[in-house]
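Here's the structure we're looking at; comments come further down.
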Amino acid sequence: MSDTPPDRLSVNPKSPYFQRELLERGIGIRFKGHERRDVEEYCISEGWIRAALGNKMDRKGQPLTIKLTGPVEAWFERPAEGEAAAEDAEG
């Protein structure tokens with residue numbers, strides 16, 4: 001696995017950009033210089049995030065989101081399992 005997060009990722013299992021194994025590693029998002037914990041989806045190349053709009057839900061029970069534009073940075077919070085074992089063996 002790469003240590004670089006994908007260009008676009010979503011936490012919604014119905015999205016084509018959902019990847020469970022990457023989300024299990026934890027993704028950190030910095031938007032306009034501030035770390036965000038409420039990001040539902042992001043796209044680095046297009047420069048936007050979708051964030052939950054409070055506790056509001058749509059008629060299907062999904063959280064309402066708002067699309068915000070600006071510079072987006074993403075990183076993994078934990079290394080991949082294979083990479084962690086390799087680092088332990090080296091150190």
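Every chain in the structure tokens takes a letter, A first, then B, and so on in the order presented; its residues are numbered from 1, and the ligands are numbered from 1 following the presented order.
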
Close residues, segment 62-76 of chain A itself excluded, 8 Å, only C-alpha atoms, min 5 positions apart in chain, as a ChimeraX atom specification: /A:3-5,25-32,40,42-44,47-57

Which of chain A DSSP labels strand (DSSP E), written as a ChimeraX atom specification: /A:8-10,27-31,34-36,39-43,48-57,63-69,72-76

Suppose we keep N, CA and C atoms; can you now write the selection as a compact mmCIF listing (two decimals), in the first residue's frame?
# COMPACT_ATOMS: atom_id res chain seq x y z
N ARG A 8 -9.37 11.12 -4.05
CA ARG A 8 -10.76 11.29 -3.63
C ARG A 8 -11.17 10.08 -2.80
N LEU A 9 -11.87 10.35 -1.69
CA LEU A 9 -12.28 9.28 -0.78
C LEU A 9 -13.57 9.69 -0.09
N SER A 10 -14.44 8.71 0.16
CA SER A 10 -15.72 8.95 0.81
C SER A 10 -15.91 7.96 1.95
N ILE A 27 -7.77 8.65 8.24
CA ILE A 27 -7.39 9.70 7.31
C ILE A 27 -7.50 11.03 8.04
N GLY A 28 -6.44 11.81 8.02
CA GLY A 28 -6.47 13.15 8.58
C GLY A 28 -6.71 14.14 7.43
N ILE A 29 -7.54 15.14 7.67
CA ILE A 29 -7.86 16.13 6.65
C ILE A 29 -7.57 17.52 7.21
N ARG A 30 -6.83 18.29 6.44
CA ARG A 30 -6.61 19.71 6.76
C ARG A 30 -7.26 20.50 5.64
N PHE A 31 -8.22 21.37 6.00
CA PHE A 31 -8.94 22.18 5.03
C PHE A 31 -8.75 23.65 5.40
N HIS A 34 -6.92 24.21 8.71
CA HIS A 34 -7.50 23.71 9.97
C HIS A 34 -7.83 22.23 9.81
N GLU A 35 -7.52 21.44 10.85
CA GLU A 35 -7.86 20.02 10.81
C GLU A 35 -9.36 19.87 11.02
N ARG A 36 -9.97 18.99 10.22
CA ARG A 36 -11.41 18.76 10.28
C ARG A 36 -11.67 17.30 10.62
N VAL A 39 -15.51 15.48 7.99
CA VAL A 39 -15.49 15.37 6.54
C VAL A 39 -16.11 14.04 6.10
N GLU A 40 -17.10 14.11 5.22
CA GLU A 40 -17.76 12.93 4.67
C GLU A 40 -17.07 12.46 3.39
N GLU A 41 -16.54 13.39 2.59
CA GLU A 41 -15.89 13.07 1.33
C GLU A 41 -14.95 14.23 1.01
N TYR A 42 -13.87 13.92 0.28
CA TYR A 42 -12.95 14.98 -0.13
C TYR A 42 -12.40 14.69 -1.51
N CYS A 43 -11.90 15.75 -2.18
CA CYS A 43 -11.20 15.61 -3.45
C CYS A 43 -10.07 16.63 -3.44
N TRP A 48 -12.05 20.43 -2.78
CA TRP A 48 -13.30 20.54 -2.03
C TRP A 48 -13.44 19.41 -1.03
N ILE A 49 -14.32 19.67 -0.04
CA ILE A 49 -14.72 18.65 0.92
C ILE A 49 -16.23 18.70 1.05
N ARG A 50 -16.81 17.60 1.50
CA ARG A 50 -18.23 17.57 1.89
C ARG A 50 -18.24 17.32 3.39
N ALA A 51 -18.86 18.24 4.11
CA ALA A 51 -18.92 18.14 5.57
C ALA A 51 -20.38 18.05 6.02
N ALA A 52 -20.59 17.33 7.12
CA ALA A 52 -21.93 17.18 7.67
C ALA A 52 -22.47 18.54 8.10
N LEU A 53 -23.76 18.73 7.88
CA LEU A 53 -24.42 19.98 8.22
C LEU A 53 -25.18 19.78 9.53
N GLY A 54 -24.43 19.78 10.64
CA GLY A 54 -25.03 19.55 11.95
C GLY A 54 -25.55 18.14 12.07
N ASN A 55 -26.69 17.97 12.74
CA ASN A 55 -27.30 16.65 12.90
C ASN A 55 -28.47 16.44 11.95
N LYS A 56 -28.58 17.27 10.94
CA LYS A 56 -29.70 17.19 10.00
C LYS A 56 -29.56 15.97 9.09
N MET A 57 -30.69 15.34 8.80
CA MET A 57 -30.73 14.15 7.95
C MET A 57 -31.65 14.41 6.76
N PRO A 63 -26.88 11.81 6.40
CA PRO A 63 -26.61 13.17 6.88
C PRO A 63 -26.58 14.17 5.73
N LEU A 64 -27.15 15.34 5.96
CA LEU A 64 -27.07 16.41 4.98
C LEU A 64 -25.64 16.94 4.98
N THR A 65 -25.12 17.22 3.79
CA THR A 65 -23.74 17.70 3.69
C THR A 65 -23.72 19.00 2.91
N ILE A 66 -22.65 19.74 3.11
CA ILE A 66 -22.41 20.97 2.38
C ILE A 66 -21.04 20.85 1.73
N LYS A 67 -20.94 21.34 0.50
CA LYS A 67 -19.68 21.27 -0.24
C LYS A 67 -18.93 22.58 -0.03
N LEU A 68 -17.72 22.48 0.50
CA LEU A 68 -16.86 23.65 0.76
C LEU A 68 -15.64 23.56 -0.14
N THR A 69 -15.25 24.68 -0.74
CA THR A 69 -14.08 24.68 -1.63
C THR A 69 -12.91 25.39 -0.98
N VAL A 72 -7.07 21.47 0.14
CA VAL A 72 -7.29 20.26 0.94
C VAL A 72 -5.99 19.48 1.03
N GLU A 73 -5.63 19.04 2.24
CA GLU A 73 -4.48 18.16 2.46
C GLU A 73 -4.99 16.92 3.18
N ALA A 74 -4.47 15.76 2.79
CA ALA A 74 -4.87 14.50 3.44
C ALA A 74 -3.64 13.68 3.77
N TRP A 75 -3.71 12.90 4.86
CA TRP A 75 -2.62 12.03 5.26
C TRP A 75 -3.20 10.85 6.03
N PHE A 76 -2.43 9.76 6.08
CA PHE A 76 -2.82 8.61 6.88
C PHE A 76 -2.38 8.84 8.31

Gap from atom CA of Gly61 of chain A to atom CA of Pro16 of chain A - Å, one decimal: 19.1 Å

Secondary structure check, alpha helix (DSSP H) residues of chain A, as a PyMOL selection string: chain A and resi 20-25+81-90
